[in-house]
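Q: If it helps, the file is called coords_11.cif and holds mmCIF, C-alpha atoms:
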```cif
data_final
loop_
_atom_site.label_atom_id
_atom_site.label_comp_id
_atom_site.auth_asym_id
_atom_site.auth_seq_id
_atom_site.Cartn_x
_atom_site.Cartn_y
_atom_site.Cartn_z
CA LEU A 186 -37.56 40.71 164.65
CA VAL A 187 -36.49 42.81 161.69
CA GLY A 188 -39.35 42.05 159.34
CA ALA A 189 -38.16 39.00 157.45
CA GLU A 190 -41.30 36.90 157.50
CA ALA A 191 -42.37 33.97 155.32
CA ASP A 192 -44.73 36.19 153.30
CA ASN A 193 -42.09 38.77 152.42
CA ALA A 194 -39.04 36.51 152.24
CA PRO A 195 -39.09 36.30 148.41
CA THR A 196 -38.97 40.11 148.14
CA VAL A 197 -36.15 40.37 150.69
CA GLU A 198 -34.17 37.68 148.89
CA SER A 199 -34.64 39.08 145.39
CA SER A 200 -33.70 42.57 146.61
CA TYR A 201 -30.57 41.27 148.32
CA ARG A 202 -29.55 39.43 145.16
CA ARG A 203 -30.10 42.41 142.86
CA PHE A 204 -28.21 44.67 145.25
CA ALA A 205 -25.34 42.18 145.57
CA LEU A 206 -24.94 41.81 141.82
CA ARG A 207 -24.95 45.56 141.24
CA LEU A 208 -22.53 46.19 144.09
CA ASN A 209 -20.32 43.38 142.77
CA THR A 210 -19.98 45.30 139.50
CA HIS A 211 -19.19 48.50 141.37
CA VAL A 212 -16.50 47.04 143.64
CA GLN A 213 -14.99 45.26 140.66
CA ASN A 214 -14.01 48.73 139.48
CA HIS A 215 -13.56 50.60 142.77
CA LEU A 216 -11.75 49.59 145.94
CA PHE A 217 -14.46 51.22 148.08
CA ILE A 218 -17.98 52.45 147.45
CA PHE A 219 -17.00 56.10 147.14
CA GLY A 220 -13.49 55.74 145.76
CA GLY A 221 -10.12 55.20 147.35
CA ARG A 222 -11.02 55.17 151.03
CA PRO A 223 -13.66 53.44 153.12
CA SER A 224 -16.77 55.28 154.24
CA ALA A 225 -19.46 54.46 156.76
CA ALA A 226 -21.35 52.88 153.85
CA ASP A 227 -18.49 50.44 153.22
CA PHE A 228 -18.34 49.34 156.85
CA SER A 229 -22.08 48.93 157.30
CA ILE A 230 -22.78 47.18 154.01
CA ALA A 231 -19.71 44.94 154.22
CA ALA A 232 -20.72 43.86 157.72
CA GLN A 233 -24.12 42.74 156.45
CA PHE A 234 -22.58 40.76 153.61
CA GLN A 235 -19.90 39.32 155.91
CA GLN A 236 -22.73 37.90 158.02
CA MET A 237 -24.38 36.42 154.92
CA LEU A 238 -21.10 34.81 153.95
CA THR A 239 -21.15 32.81 157.20
CA ASP A 240 -24.46 31.21 156.22
CA PRO A 241 -24.00 28.40 153.67
CA THR A 242 -26.97 29.30 151.46
CA PRO A 243 -26.33 33.01 150.79
CA GLY A 244 -22.57 32.43 151.19
CA THR A 245 -22.50 29.93 148.34
CA TRP A 246 -24.68 32.17 146.17
CA LEU A 247 -22.41 35.17 146.80
CA THR A 248 -19.22 33.17 146.19
CA GLU A 249 -20.54 31.82 142.89
CA ARG A 250 -22.17 35.00 141.55
CA ALA A 251 -20.51 37.98 143.24
CA PRO A 252 -16.79 37.17 143.61
CA PHE A 253 -15.68 40.81 143.68
CA LEU A 254 -18.16 41.52 146.46
CA VAL A 255 -16.76 38.56 148.40
CA ALA A 256 -13.20 39.85 147.91
CA TRP A 257 -14.33 43.35 148.95
CA CYS A 258 -15.84 41.91 152.15
CA GLU A 259 -12.55 40.19 152.93
CA HIS A 260 -10.68 43.43 152.23
CA MET A 261 -13.08 45.31 154.53
CA SER A 262 -11.92 43.18 157.46
CA ASP A 263 -8.77 45.33 157.48
CA PRO A 264 -9.22 48.08 154.88
CA LYS A 265 -6.40 50.35 153.78
CA ALA A 266 -7.13 53.67 152.11
CA SER A 267 -5.44 54.03 148.74
CA GLY A 268 -6.65 57.47 147.74
CA PRO A 269 -9.35 60.08 148.17
CA PHE A 270 -13.10 59.87 147.84
CA LEU A 271 -13.95 60.36 144.18
CA PRO A 272 -16.43 62.77 142.66
CA LEU A 273 -19.81 61.14 141.99
CA ALA A 274 -19.30 61.72 138.27
CA GLU A 275 -16.30 59.34 138.36
CA LEU A 276 -18.31 56.66 140.16
CA GLU A 277 -21.60 57.08 138.34
CA THR A 278 -21.15 54.35 135.70
CA THR A 279 -21.28 51.58 138.30
CA LEU A 280 -22.69 53.34 141.38
CA LEU A 281 -25.79 54.78 139.74
CA PRO A 282 -27.15 51.30 138.88
CA VAL A 283 -26.89 50.36 142.57
CA PHE A 284 -28.97 53.38 143.53
CA GLU A 285 -31.37 53.52 140.59
CA GLY A 286 -31.82 49.78 140.26
CA GLU A 287 -32.27 48.87 143.90
CA VAL A 288 -31.92 51.60 146.53
CA ALA A 289 -34.49 53.94 144.95
CA ARG A 290 -36.85 51.12 143.97
CA THR A 291 -36.82 48.99 147.09
CA TYR A 292 -35.02 50.44 150.10
CA LEU A 293 -36.18 54.06 149.92
CA PRO A 294 -39.88 53.27 149.35
CA TRP A 295 -39.72 50.70 152.16
CA ALA A 296 -37.88 53.10 154.50
CA HIS A 297 -40.30 55.92 153.72
CA ALA A 298 -43.36 53.73 154.37
CA ASN A 299 -41.81 52.33 157.55
CA ALA A 300 -40.99 55.83 158.83
CA ALA A 301 -44.53 57.04 158.08
CA SER A 302 -45.93 54.05 159.94
CA ALA A 303 -43.63 54.67 162.91
CA SER A 304 -44.61 58.34 163.05
CA ARG A 305 -48.27 57.27 163.30
CA GLU A 306 -47.33 54.60 165.88
CA LYS A 307 -48.76 51.82 163.74
CA LYS A 308 -47.71 48.25 164.42
CA LYS A 309 -47.64 47.15 160.74
CA PHE A 310 -47.35 48.76 157.34
CA SER A 311 -47.42 47.83 153.70
CA VAL A 312 -45.79 49.30 150.62
CA THR A 313 -45.94 48.37 146.97
CA LEU A 314 -42.48 47.62 145.58
CA ASP A 315 -41.40 46.39 142.16
CA ASP A 316 -41.79 42.81 143.44
CA GLY A 317 -45.35 43.48 144.68
CA LEU A 318 -46.98 44.24 148.00
CA PHE A 319 -44.61 44.10 150.97
CA GLU A 320 -46.05 43.96 154.50
CA GLN A 321 -44.28 43.79 157.82
CA ALA A 322 -44.12 45.04 161.39
CA THR A 323 -43.02 48.65 161.76
CA GLN A 324 -39.35 48.99 162.65
CA ALA A 325 -38.89 51.99 164.99
CA TYR A 326 -35.08 51.89 164.97
CA ALA A 327 -34.98 51.77 161.17
CA ALA A 328 -37.35 54.75 161.08
CA ARG A 329 -35.05 56.78 163.34
CA ALA A 330 -32.00 55.80 161.29
CA PHE A 331 -33.75 56.76 158.04
CA SER A 332 -34.73 60.11 159.53
CA GLY A 333 -31.06 60.80 160.26
CA VAL A 334 -29.99 59.82 156.76
CA ARG A 335 -32.75 61.92 155.18
CA SER A 336 -31.73 64.96 157.22
CA ALA A 337 -28.04 64.55 156.39
CA ILE A 338 -28.73 64.18 152.66
CA ALA A 339 -31.28 67.01 152.63
CA ALA A 340 -28.67 69.31 154.14
CA GLN A 341 -26.42 68.60 151.14
CA LEU A 342 -28.98 68.95 148.33
CA SER A 343 -27.45 72.27 147.31
CA ASP A 344 -24.46 70.28 146.02
CA PRO A 345 -25.13 70.08 142.26
CA ALA A 346 -23.35 66.74 141.85
CA LEU A 347 -25.33 65.08 144.63
CA SER A 348 -28.56 66.61 143.44
CA ALA A 349 -27.94 65.42 139.86
CA PHE A 350 -26.99 61.92 141.07
CA LEU A 351 -30.15 61.62 143.16
CA ASP A 352 -32.24 62.88 140.24
CA ALA A 353 -30.66 60.32 137.90
CA ALA A 354 -31.29 57.57 140.46
CA GLY A 355 -34.92 58.60 140.92
CA ALA A 356 -34.22 59.12 144.62
CA ARG A 357 -34.25 62.89 145.14
CA SER A 358 -37.90 63.08 146.22
CA PHE A 359 -37.20 60.92 149.28
CA PHE A 360 -34.70 63.51 150.50
CA ALA A 361 -36.35 66.69 149.27
CA ARG A 362 -39.24 65.98 151.64
CA ALA A 363 -36.80 66.13 154.58
CA ALA A 364 -35.41 69.45 153.34
CA ALA A 365 -38.92 70.93 153.26
CA ALA A 366 -39.83 69.63 156.72
#
```
Could you write out this file's structure as structure tokens?

A:
Amino acid sequence: LVGAEADNAPTVESSYRRFALRLNTHVQNHLFIFGGRPSAADFSIAAQFQQMLTDPTPGTWLTERAPFLVAWCEHMSDPKASGPFLPLAELETTLLPVFEGEVARTYLPWAHANAASASREKKKFSVTLDDGLFEQATQAYAARAFSGVRSAIAAQLSDPALSAFLDAAGARSFFARAAAA
């Protein structure tokens, strides 16, 4: 229903693993994704990993290879703020690899291709990712969600810190298009 098919399962799995390992490094150093308090990103991402932890295969992999991520997921069941959001510059050492290494290389190209397919009312789409060609059914809800994220980020591109972070991650172009639209 959400595009995980036998043909693209290896790409989905390798992306999830890369993302998990990078996020593990980040939450090893930070209580929450953006500093000392939880954000919508913490709740949404933790919920996805909490689901994976209930499945023996990804749960075992996460427990063995991403222990800080597992502890963060447990903490996110009842999170307590311990401070403010931090400036991106203070998070960049461990957050930038999450964005540059996975979000900008896999999620954003996929989301952009899916949104373009949805806007043309196509049933399927394909996109070339680092792992190769990825094909799946168009996801209308994901396209609407990505449109909202793009608009929200585009509205903040005048913030020099955000703009510099997106440039460093190789992700700015995905949001600049929304600002121009």

Q: Evaluated on this file, the PyMOL selection byres ((chain A and resi 277-286) around 9) picks out some residues - which ones are they, written as a PDB file with C-alpha atoms, in the frame of the given file?

A:
```
ATOM      1  CA  ARG A 203     -30.100  42.410 142.860  1.00  0.00           C
ATOM      2  CA  PHE A 204     -28.210  44.670 145.250  1.00  0.00           C
ATOM      3  CA  ALA A 205     -25.340  42.180 145.570  1.00  0.00           C
ATOM      4  CA  LEU A 206     -24.940  41.810 141.820  1.00  0.00           C
ATOM      5  CA  ARG A 207     -24.950  45.560 141.240  1.00  0.00           C
ATOM      6  CA  LEU A 208     -22.530  46.190 144.090  1.00  0.00           C
ATOM      7  CA  THR A 210     -19.980  45.300 139.500  1.00  0.00           C
ATOM      8  CA  HIS A 211     -19.190  48.500 141.370  1.00  0.00           C
ATOM      9  CA  VAL A 212     -16.500  47.040 143.640  1.00  0.00           C
ATOM     10  CA  ASN A 214     -14.010  48.730 139.480  1.00  0.00           C
ATOM     11  CA  HIS A 215     -13.560  50.600 142.770  1.00  0.00           C
ATOM     12  CA  ILE A 218     -17.980  52.450 147.450  1.00  0.00           C
ATOM     13  CA  PHE A 219     -17.000  56.100 147.140  1.00  0.00           C
ATOM     14  CA  PRO A 272     -16.430  62.770 142.660  1.00  0.00           C
ATOM     15  CA  LEU A 273     -19.810  61.140 141.990  1.00  0.00           C
ATOM     16  CA  ALA A 274     -19.300  61.720 138.270  1.00  0.00           C
ATOM     17  CA  GLU A 275     -16.300  59.340 138.360  1.00  0.00           C
ATOM     18  CA  LEU A 276     -18.310  56.660 140.160  1.00  0.00           C
ATOM     19  CA  GLU A 287     -32.270  48.870 143.900  1.00  0.00           C
ATOM     20  CA  VAL A 288     -31.920  51.600 146.530  1.00  0.00           C
ATOM     21  CA  ALA A 289     -34.490  53.940 144.950  1.00  0.00           C
ATOM     22  CA  ARG A 290     -36.850  51.120 143.970  1.00  0.00           C
ATOM     23  CA  THR A 291     -36.820  48.990 147.090  1.00  0.00           C
ATOM     24  CA  PHE A 350     -26.990  61.920 141.070  1.00  0.00           C
ATOM     25  CA  LEU A 351     -30.150  61.620 143.160  1.00  0.00           C
ATOM     26  CA  ALA A 353     -30.660  60.320 137.900  1.00  0.00           C
ATOM     27  CA  ALA A 354     -31.290  57.570 140.460  1.00  0.00           C
ATOM     28  CA  GLY A 355     -34.920  58.600 140.920  1.00  0.00           C
ATOM     29  CA  ALA A 356     -34.220  59.120 144.620  1.00  0.00           C
TER      30      ALA A 356
END
```

Q: Could you please determine the separation between CA of Met237 in chain A and CA of Ala330 in chain A in Å, to one decimal place?

A: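 Between CA of Met237 in chain A and CA of Ala330 in chain A the gap is 21.8 Å.
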
Q: Residues proximal to (-34.4, 36.9, 156.9) were defined as those with any atom within 12 Å of that point in the file's coordinates, counting all atoms listed in the file. Which are they, as number ranges by chain?

A: A: 186-201, 233, 236-237, 240, 242-243

Q: Once the PyMOL selection byres ((chain A and resi 267) around 6) has been applied to the shown file, what residues remain in the selection, as a PyMOL selection string?

A: chain A and resi 221+266+268

Q: Selected residues, C-alpha atoms, written as a PDB file, in the coordinates of the input, please.

A:
```
ATOM      1  CA  GLY A 221     -10.120  55.200 147.350  1.00  0.00           C
ATOM      2  CA  ALA A 266      -7.130  53.670 152.110  1.00  0.00           C
ATOM      3  CA  GLY A 268      -6.650  57.470 147.740  1.00  0.00           C
TER       4      GLY A 268
END
```

Q: Quick one: distance from CA of Ser336 in chain A to CA of Arg357 in chain A in Å, one decimal?

A: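 Atom-to-atom, CA of Ser336 in chain A to CA of Arg357 in chain A, that is 12.5 Å.
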
Q: Could you list, as number ranges by chain, every residue within 9 Å of Ala298 in chain A, counting all atoms listed in the file and ignoring same-chain residues fewer than 2 positions away?

A: A: 293-296, 300-303, 310-312, 323

Q: Of the candidates A:Ala328, A:Gln235, A:Asp352, A:Phe319, which shows the shortest atom-to-atom distance to Ser304 in chain A, using all atoms listed in the file?

A: A:Ala328

Q: Restricting the calculation to all atoms listed in the file: of A:Ala251, A:Cys258, A:Ala361, A:Leu342, which residue gets closest to Ile230 in chain A?

A: A:Cys258

Q: Measuring atom to atom with only C-alpha atoms, identify which of A:Phe228, A:Asp316, A:Phe360, A:His297 is nearest to Gln341 in chain A.

A: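 For Gln341 in chain A, the nearest of the given residues is A:Phe360.
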
Q: Step by step, gather every atom of range 319-326 of chain A that the file lists, find the box along x, y and z that holds them, add 3 Å on each side, and finally give centre and edge lengths in Å to one decimal, as AutoDock Vina command-line options.

A:
```
--center_x -40.6 --center_y 47.9 --center_z 158.0 --size_x 17.0 --size_y 14.2 --size_z 20.0
```

Q: Would you pick out the contacts of Trp257 in chain A at 8 Å or less, using all atoms listed in the file, so that residues sharing its chain but fewer than 4 positions from it are not included, and give the list as number ranges by chain?

A: A: 212, 216-217, 231, 253, 261
